[in-house]
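Listing of upload.txt, compact mmCIF, C-alpha atoms
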```txt
# COMPACT_ATOMS: atom_id res chain seq x y z
CA VAL A 893 -34.89 6.65 -57.75
CA SER A 894 -32.00 5.22 -55.78
CA ILE A 895 -28.48 5.45 -57.17
CA PRO A 896 -26.22 2.47 -56.44
CA PRO A 897 -23.19 3.36 -54.30
CA GLU A 898 -20.75 2.23 -56.98
CA LEU A 899 -22.23 4.77 -59.42
CA ARG A 900 -21.98 7.64 -56.95
CA SER A 901 -18.21 7.49 -57.18
CA ALA A 902 -18.10 6.86 -60.93
CA VAL A 903 -16.22 9.18 -63.25
CA ILE A 904 -17.90 9.94 -66.56
CA LYS A 905 -16.38 11.27 -69.75
CA ILE A 906 -18.44 13.71 -71.80
CA ALA A 907 -18.01 16.26 -74.58
CA LEU A 908 -18.06 19.76 -73.12
CA ASN A 909 -17.39 21.76 -76.29
CA ALA A 910 -17.37 21.07 -80.01
CA THR A 911 -16.55 22.92 -83.20
CA PRO A 912 -19.09 23.18 -86.05
CA CYS A 913 -19.06 20.41 -88.62
CA SER A 914 -16.44 20.97 -91.31
CA VAL A 915 -19.06 20.60 -94.06
CA THR A 916 -22.62 21.85 -94.49
CA CYS A 917 -23.83 18.59 -96.04
CA GLY A 918 -22.71 15.00 -96.08
CA VAL A 919 -20.22 13.57 -93.62
CA GLY A 920 -17.53 15.81 -92.15
CA ILE A 921 -15.29 16.24 -89.13
CA LYS A 922 -15.71 18.13 -85.88
CA VAL A 923 -13.37 18.55 -82.92
CA GLU A 924 -14.74 17.86 -79.45
CA GLU A 925 -13.29 18.65 -76.04
CA MET A 926 -13.69 15.47 -74.00
CA CYS A 927 -13.30 15.68 -70.22
CA GLU A 928 -13.72 13.37 -67.27
CA ILE A 929 -16.19 14.67 -64.70
CA THR A 930 -15.82 13.54 -61.11
CA PRO A 931 -18.77 13.14 -58.71
CA ALA A 932 -17.72 16.48 -57.24
CA GLY A 933 -18.17 18.14 -60.64
CA GLU A 934 -14.47 18.64 -61.33
CA ARG A 935 -12.98 18.39 -64.81
CA ARG A 936 -9.87 16.37 -65.43
CA ASN A 937 -7.92 14.67 -68.20
CA CYS A 938 -9.41 16.85 -70.94
CA SER A 939 -8.40 16.20 -74.54
CA LEU A 940 -9.38 17.22 -78.07
CA VAL A 941 -10.87 14.44 -80.16
CA ARG A 942 -11.77 14.46 -83.87
CA SER A 943 -15.07 12.76 -84.65
CA LEU A 944 -17.50 12.37 -87.53
CA CYS A 945 -20.51 14.62 -88.03
CA LEU A 946 -23.45 14.63 -90.42
CA SER A 947 -25.88 17.49 -90.97
CA THR A 948 -27.89 16.62 -94.07
CA TRP A 949 -27.23 14.09 -96.82
CA MET A 950 -28.47 16.25 -99.74
CA CYS A 951 -25.84 18.64 -101.11
CA GLY A 952 -27.79 19.90 -104.12
CA LEU A 953 -26.59 20.94 -107.59
CA HIS A 954 -23.23 22.62 -108.19
CA HIS A 955 -22.62 24.32 -111.56
CA ILE A 956 -19.24 24.08 -113.29
CA SER A 957 -18.26 25.68 -116.63
CA VAL A 958 -14.94 24.89 -118.31
CA PRO A 959 -13.48 25.35 -121.81
CA VAL A 960 -12.82 22.38 -124.07
CA GLY A 961 -9.59 20.61 -123.18
CA HIS A 962 -9.62 21.66 -119.53
CA PRO A 963 -9.00 18.89 -116.95
CA ILE A 964 -11.87 18.11 -114.57
CA ARG A 965 -11.88 16.52 -111.13
CA LEU A 966 -15.19 16.13 -109.29
CA ARG A 967 -14.81 15.18 -105.65
CA CYS A 968 -17.57 13.48 -103.72
CA LEU A 969 -15.60 13.44 -100.45
CA LEU A 970 -13.64 16.47 -99.28
CA GLU A 971 -12.32 15.07 -95.99
CA ASP A 972 -10.00 12.14 -95.28
CA LEU A 973 -12.08 9.87 -93.04
CA SER A 974 -9.79 6.86 -93.15
CA ASN A 975 -8.67 7.22 -89.52
CA LEU A 976 -12.08 8.08 -88.06
CA GLY A 977 -14.85 5.76 -87.00
CA ASN A 978 -15.31 2.08 -87.69
CA HIS A 979 -17.06 2.44 -91.03
CA THR A 980 -16.00 2.07 -94.63
CA TYR A 981 -17.69 3.90 -97.47
CA SER A 982 -18.82 3.19 -101.01
CA PHE A 983 -19.36 5.65 -103.85
CA THR A 984 -21.75 5.36 -106.77
CA TRP A 985 -21.56 7.72 -109.74
CA ARG A 986 -24.25 8.37 -112.34
CA TRP A 987 -24.41 10.63 -115.38
CA ALA A 988 -27.16 12.44 -117.29
CA PRO A 989 -25.46 13.22 -120.65
CA GLY A 990 -26.11 16.63 -122.13
CA LEU A 991 -28.54 17.70 -119.39
CA ILE A 992 -28.37 19.87 -116.28
CA THR A 993 -30.90 18.13 -114.05
CA THR A 994 -31.58 16.47 -110.71
CA ASN A 995 -34.21 14.11 -112.11
CA ASP A 996 -32.87 10.69 -111.10
CA LEU A 997 -34.82 8.98 -113.89
CA LEU A 998 -32.53 10.59 -116.48
CA PHE A 999 -29.26 9.22 -115.10
CA GLN A 1000 -27.24 6.23 -116.23
CA PRO A 1001 -24.62 4.47 -114.08
CA LEU A 1002 -20.87 5.00 -114.33
CA GLU A 1003 -18.72 2.07 -113.27
CA ASN A 1004 -15.54 1.55 -111.24
CA LEU A 1005 -15.28 5.00 -109.68
CA GLY A 1006 -14.15 5.97 -106.21
CA ALA A 1007 -14.53 9.18 -104.23
CA ALA A 1008 -13.54 11.34 -107.24
CA PHE A 1009 -14.30 11.47 -110.95
CA SER A 1010 -11.63 12.83 -113.27
CA LEU A 1011 -11.33 13.83 -116.92
CA ALA A 1012 -7.88 14.55 -118.33
CA SER A 1013 -9.31 16.71 -121.11
CA ALA A 1014 -12.98 17.70 -121.17
CA THR A 1015 -14.88 17.54 -124.45
CA GLU A 1016 -18.33 18.82 -125.39
CA ALA A 1017 -19.56 15.21 -125.26
CA ASP A 1018 -18.68 15.10 -121.54
CA ALA A 1019 -21.18 17.85 -120.68
CA GLY A 1020 -24.10 16.92 -118.47
CA THR A 1021 -24.87 16.27 -114.82
CA TYR A 1022 -22.80 13.93 -112.68
CA CYS A 1023 -24.27 12.56 -109.46
CA CYS A 1024 -22.38 10.92 -106.61
CA ASP A 1025 -23.98 8.89 -103.82
CA MET A 1026 -21.90 8.14 -100.73
CA ARG A 1027 -23.03 5.30 -98.46
CA ILE A 1028 -21.86 3.50 -95.34
CA ARG A 1029 -20.78 0.17 -96.77
CA GLU A 1030 -21.87 -1.90 -93.76
CA SER A 1031 -25.46 -0.63 -93.71
CA ILE A 1032 -25.83 0.81 -97.25
CA LYS A 1033 -27.12 3.98 -95.57
CA LEU A 1034 -27.06 7.02 -97.86
CA ILE A 1035 -25.11 9.82 -96.18
CA LYS A 1036 -24.38 12.14 -99.10
CA ARG A 1037 -25.72 12.96 -102.57
CA ILE A 1038 -24.25 15.71 -104.71
CA TYR A 1039 -24.89 16.78 -108.31
CA PHE A 1040 -22.33 18.47 -110.58
CA GLY A 1041 -23.77 20.31 -113.59
CA LEU A 1042 -20.90 20.42 -116.09
CA ARG A 1043 -20.91 22.77 -119.09
CA VAL A 1044 -18.07 22.41 -121.60
CA ILE A 1045 -17.68 25.52 -123.75
CA PRO A 1046 -15.78 25.65 -127.08
CA ARG A 1047 -12.72 27.88 -126.79
CA ASP A 1048 -13.66 29.95 -129.85
CA LEU A 1049 -17.25 30.52 -128.69
CA VAL A 1050 -16.88 32.77 -125.66
CA ASP A 1051 -14.27 34.12 -123.31
CA LEU A 1052 -15.20 33.22 -119.73
CA ASN A 1053 -13.38 36.35 -118.51
CA PHE A 1054 -16.28 38.83 -118.40
CA GLN A 1055 -14.17 41.93 -117.80
CA LYS A 1056 -11.82 41.01 -120.63
CA SER A 1057 -14.70 40.76 -123.10
CA LEU A 1058 -16.02 44.30 -122.40
CA THR A 1059 -15.33 47.25 -124.69
CA TRP A 1060 -13.61 50.36 -123.33
CA GLU A 1061 -16.92 52.24 -123.07
CA GLN A 1062 -18.60 49.28 -121.29
CA LYS A 1063 -15.76 49.11 -118.77
CA LEU A 1064 -16.11 52.87 -118.13
CA VAL A 1065 -19.86 52.59 -117.55
CA ALA A 1066 -19.37 49.57 -115.28
CA ASN A 1067 -16.79 51.44 -113.20
CA LEU A 1068 -19.06 54.46 -112.87
CA GLU A 1069 -22.02 52.29 -111.83
CA ASP A 1070 -19.89 50.51 -109.22
CA GLY A 1071 -18.81 53.85 -107.79
CA SER A 1072 -15.19 52.88 -108.20
CA ALA A 1073 -14.16 55.44 -110.81
CA GLY A 1074 -10.89 56.95 -109.61
CA ASN A 1075 -8.41 59.25 -111.31
CA GLY A 1076 -7.95 56.77 -114.13
CA SER A 1077 -11.69 56.60 -114.75
CA ARG A 1078 -12.03 60.37 -114.83
CA GLU A 1079 -9.16 60.57 -117.28
CA GLY A 1080 -10.84 57.94 -119.43
CA GLN A 1081 -14.08 59.89 -119.25
CA GLU A 1082 -12.27 63.02 -120.44
CA HIS A 1083 -10.85 61.07 -123.38
CA PHE A 1084 -14.35 59.85 -124.13
CA TRP A 1085 -15.72 63.38 -124.29
CA GLU A 1086 -12.68 64.54 -126.26
CA LYS A 1087 -13.51 61.88 -128.83
CA GLY A 1088 -17.08 63.17 -128.99
CA VAL A 1089 -15.97 66.79 -129.50
CA PHE A 1090 -13.51 65.71 -132.19
CA TYR A 1091 -16.19 63.81 -134.11
CA GLU A 1092 -18.59 66.77 -133.84
CA ALA A 1093 -15.92 69.16 -135.12
CA MET A 1094 -15.10 66.94 -138.07
CA LEU A 1095 -18.80 66.63 -138.88
CA GLY A 1096 -19.19 70.42 -138.80
CA ILE A 1097 -16.18 71.00 -141.05
CA GLY A 1098 -17.39 68.40 -143.51
CA SER A 1099 -20.86 69.93 -143.62
CA GLY A 1100 -19.41 73.41 -144.23
CA VAL A 1101 -17.21 72.26 -147.09
CA LEU A 1102 -20.08 70.40 -148.72
CA GLY A 1103 -22.40 73.42 -148.35
CA GLY A 1104 -19.83 75.78 -149.89
CA PHE A 1105 -19.32 73.44 -152.81
CA LEU A 1106 -23.06 73.28 -153.50
CA VAL A 1107 -23.42 77.10 -153.36
CA SER A 1108 -20.50 77.55 -155.76
CA LEU A 1109 -22.01 75.03 -158.11
CA MET A 1110 -25.37 76.85 -158.12
CA LEU A 1111 -23.73 80.24 -158.84
CA CYS A 1112 -21.75 78.82 -161.70
CA CYS A 1113 -24.86 77.38 -163.28
```

Rewrite the structure from the file as structure tokens, please.
Amino acid sequence: VSIPPELRSAVIKIALNATPCSVTCGVGIKVEEMCEITPAGERRNCSLVRSLCLSTWMCGLHHISVPVGHPIRLRCLLEDLSNLGNHTYSFTWRWAPGLITTNDLLFQPLENLGAAFSLASATEADAGTYCCDMRIRESIKLIKRIYFGLRVIPRDLVDLNFQKSLTWEQKLVANLEDGSAGNGSREGQEHFWEKGVFYEAMLGIGSGVLGGFLVSLMLCC
């Protein structure tokens, strides 16, 4: 293969290094080091350039649990892509009321939504799965799909703070199992055993008094 003389002196610009994509699914941003390479193999005029990247379009199901009255904001796009590339994007939202599912046959469309879906105050009726499809507007190519499984829990039903809902004894057992029982845990354990000894002593005293009363009653009769 013969190379034309004009190409032998050409300078090319290529990406020598690049960062990982900023997202694991859908469209994200990466930073590339672009350099000119001379025919002699020298680098020159290097610069860092932000560009679009896409790994896989399916982002799967993300679970969200909130109490009634809590504001909700579901974001389909995490990066600002307005200054990158020559494409524009469209977003389509769908909802499966009352269900946590990825079965597309169970969804109904939601209208007039952009890259994010918001609720000022979540109600139990808002529970279900929300799905967002992101497409390149010019080609209608699907580049991202993400599901949000939303559970809305009544405030008087359960406290979402697991540690706060434990009893003192449950917290002590949990600390011992985690191997994180320090001086405070040992002190608590001592109090626990002190409680046990106290209850046993009271039980013994009560049994003795009752036995003495019964013996006295028998002698009198």

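Distances from A:Leu1002, A:Cys927, A:Leu966, A:Ile921 to A:Asn909 were compared using only C-alpha atoms, and the smallest one belongs to A:Cys927.
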
Q: Enter the distance from atom CA of A:Gly1041 to atom CA of A:Thr948, in Å, rounded to one decimal.
A: 20.3 Å

Q: Can you work out which one of A:Ser982, A:Cys968, A:Gly920, A:Asp1018 has the shortest atom-to-atom distance to A:His954, counting only C-alpha atoms?
A: A:Cys968

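Here atom CA of A:Glu1030 stands at a distance of 25.2 Å from atom CA of A:Phe999.
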
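With only C-alpha atoms as the atoms that count, the minimum distance from A:Thr911 to the choices A:Asp996, A:Ser943, A:Cys938, A:Ile929 is reached by A:Ser943.
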
Q) Could you pull the residues within 9 Å of A:Ile1045, counting only C-alpha atoms, minus those fewer than 2 positions along the same chain, as a VMD selection string? A) chain A and resid 957 to 960 1015 to 1016 1019 1043 1047 to 1050

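Distance annotation: of A:Val919, A:Ala902, A:Ala907, A:Ile964, the residue with the minimal separation from A:Lys1033 is A:Val919; atom set is only C-alpha atoms.
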
Q) Quick one: residues within 8 Å of A:Gly1006, only C-alpha atoms counted, chain neighbours fewer than 2 positions away excluded, as a PyMOL selection string? A) chain A and resi 982-984+1004+1008-1009

Q. So which residues touch A:Ile1035 within 10 Å, counting only C-alpha atoms, skipping near sequence neighbours fewer than 3 positions away, as a ChimeraX atom specification?
A. /A:917-919,946-950,981,1025-1028,1032

Q: Go through A:Ile992, A:Ala932, A:Val923, A:Cys913 one by one, measure the shortest atom-to-atom distance of each to A:Ser901 using only C-alpha atoms, and give the residue with the smallest value.
A: A:Ala932

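Taking atom CA of A:Lys1036 as the reference point, atom CA of A:Tyr1022 is found at 13.8 Å.
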
Q: Identify, on the basis of all atoms listed in the file, every residue whose closest approach to A:Leu973 does not exceed 9 Å; exclude the query and any residue fewer than 2 positions from it along the same chain; express the result as an NGL selection string.
A: :A and (919-921 or 944 or 969 or 971 or 975-977 or 980)

Q: Rank nothing, just name the residue among A:Leu1064, A:Leu1034, A:Ala1007, A:Cys1024 nearest to A:Leu953, using only C-alpha atoms.
A: A:Cys1024

Coordinates of box centre and edge lengths for stretch 907-919 of chain A, 8 Å on every side, axis-aligned, as AutoDock Vina command-line options:
```
--center_x -20.1 --center_y 18.4 --center_z -84.6 --size_x 23.4 --size_y 25.6 --size_z 39.0
```

Q: Identify, on the basis of all atoms listed in the file, every residue whose closest approach to A:Ser1013 does not exceed 7 Å; exclude the query and any residue fewer than 3 positions from it along the same chain; express the result as a list in words.
A: Gly961, His962 and Pro963 of chain A
